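Asker: One structure coming up, written as structure tokens, with questions to follow.
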Amino acid sequence: MEVRSVLLKSFHLDPSFSLMTVRSAVLSMELFNLLDIHGTSAINDVIFCAWLRSCTNLKGHQVYDLFELFDVDRSGEIDFDEFYLFIAILVAVKDKVEKEFIYRHSRAVFNIMDFDQSGSVSAEEFERIGFMFNFYSTAIRSIFKEFDVSGDSELDFKEFKLFAMACIDQQRAIWLKEQRKQLQRSQLKFLTENKELLLSFLRRSGTIIKRPGVED
């Protein structure tokens, strides 16, 4: 998930506890009040989903999945406590501190992912919200069995904490690998497009000497 909101760029988490700073918490309340157009101290699904689509790159079904997941009390609306947690996660993703956030608030994240309230989380449940933390299904599936100590295809709270940390580490490794590939492609493209210019510069600087009868 990519957070595109200009407003949310000014939101930050306290690095010690992964909680929103006082300023960010106040801004969250102001934003909540703006979205609460009916004055009911809650945001309905239409408003919430429209706002979320405007500030992220999420698709329609993903937006509605998040609404259902964060509507913890199943009221059909998002109250401020639920909204605050959601904003905090958006900020963590924006600032790339997902691992620290999940470590500090693993119980809250676990409860959200445990959609059927069974006391455990399956790979399917993790995938349902994993896109919010930019987890790929392949990464989830590849290491799920490793942390499913009980072998029941479900993760209890302790297994979930370890599994989430491992997923984030693997995702970061994948991201860094892709960044290196993009950098190499950009460098190759630059060298290819500017070959003559670079050769001319090297000749003038005396770095290379063109030998008679030898073409570039």
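Each chain of the structure tokens is named A, B, ... in the order shown, its residues numbered from 1; ligands are numbered from 1 in display order.
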Which residues are near stretch 2-17 of chain A? Cut-off 9 Å, only C-alpha atoms, ignore same chain within fewer than 3 positions. Put them as a count of residues only.

Answerer: 26

Asker: Skip stretch 82-86 of chain A itself and residues of its chain fewer than 6 positions away, then list as a list in words all residues within 10 Å of it, counting only C-alpha atoms.

Answerer: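 Residues near the query, excluding close chain neighbours: Leu19, Met20, Ala25, Ser28, Met29, Leu31, Phe32, Ala42, Ile43, Phe48, Leu66, Phe67, Leu69, Phe70, Asp71, Val72, Asp73, Ala92, His105, Ala108 and Val109 of chain A.
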
Asker: Restricting the calculation to only C-alpha atoms: of A:Glu77, A:Glu124, A:Asp156, A:Glu193, which residue gets closest to A:Phe110?

Answerer: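 Distance minimum relative to A:Phe110 lands on A:Asp156.
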
Asker: Please list as a list of chain:residue names every residue within 7 Å of stretch 153-155 of chain A, counting only C-alpha atoms and excluding residues in the same chain fewer than 5 positions away.

Answerer: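 These residues fall inside the cut-off: A:Ser120, A:Val121, A:Ser122, A:Asp148, A:Phe160.
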
Asker: Please measure the separation of atom CA of A:Glu98 and atom CA of A:Gly60, giving the value in Å to one decimal.

Answerer: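 Computing the Euclidean distance for atom CA of A:Glu98 and atom CA of A:Gly60 yields 23.1 Å.
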
Asker: I'd like the interatomic distance between atom CA of A:Asp65 and atom CA of A:Ile129, to a tenth of an Å.

Answerer: 7.8 Å

Asker: My list of candidates is A:Asn33, A:Thr40, A:Ser186, A:Ser106. Which is closest to A:Glu159 when distances are computed with only C-alpha atoms?

Answerer: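 Using only C-alpha atoms, A:Glu159 sits closest to A:Ser106.
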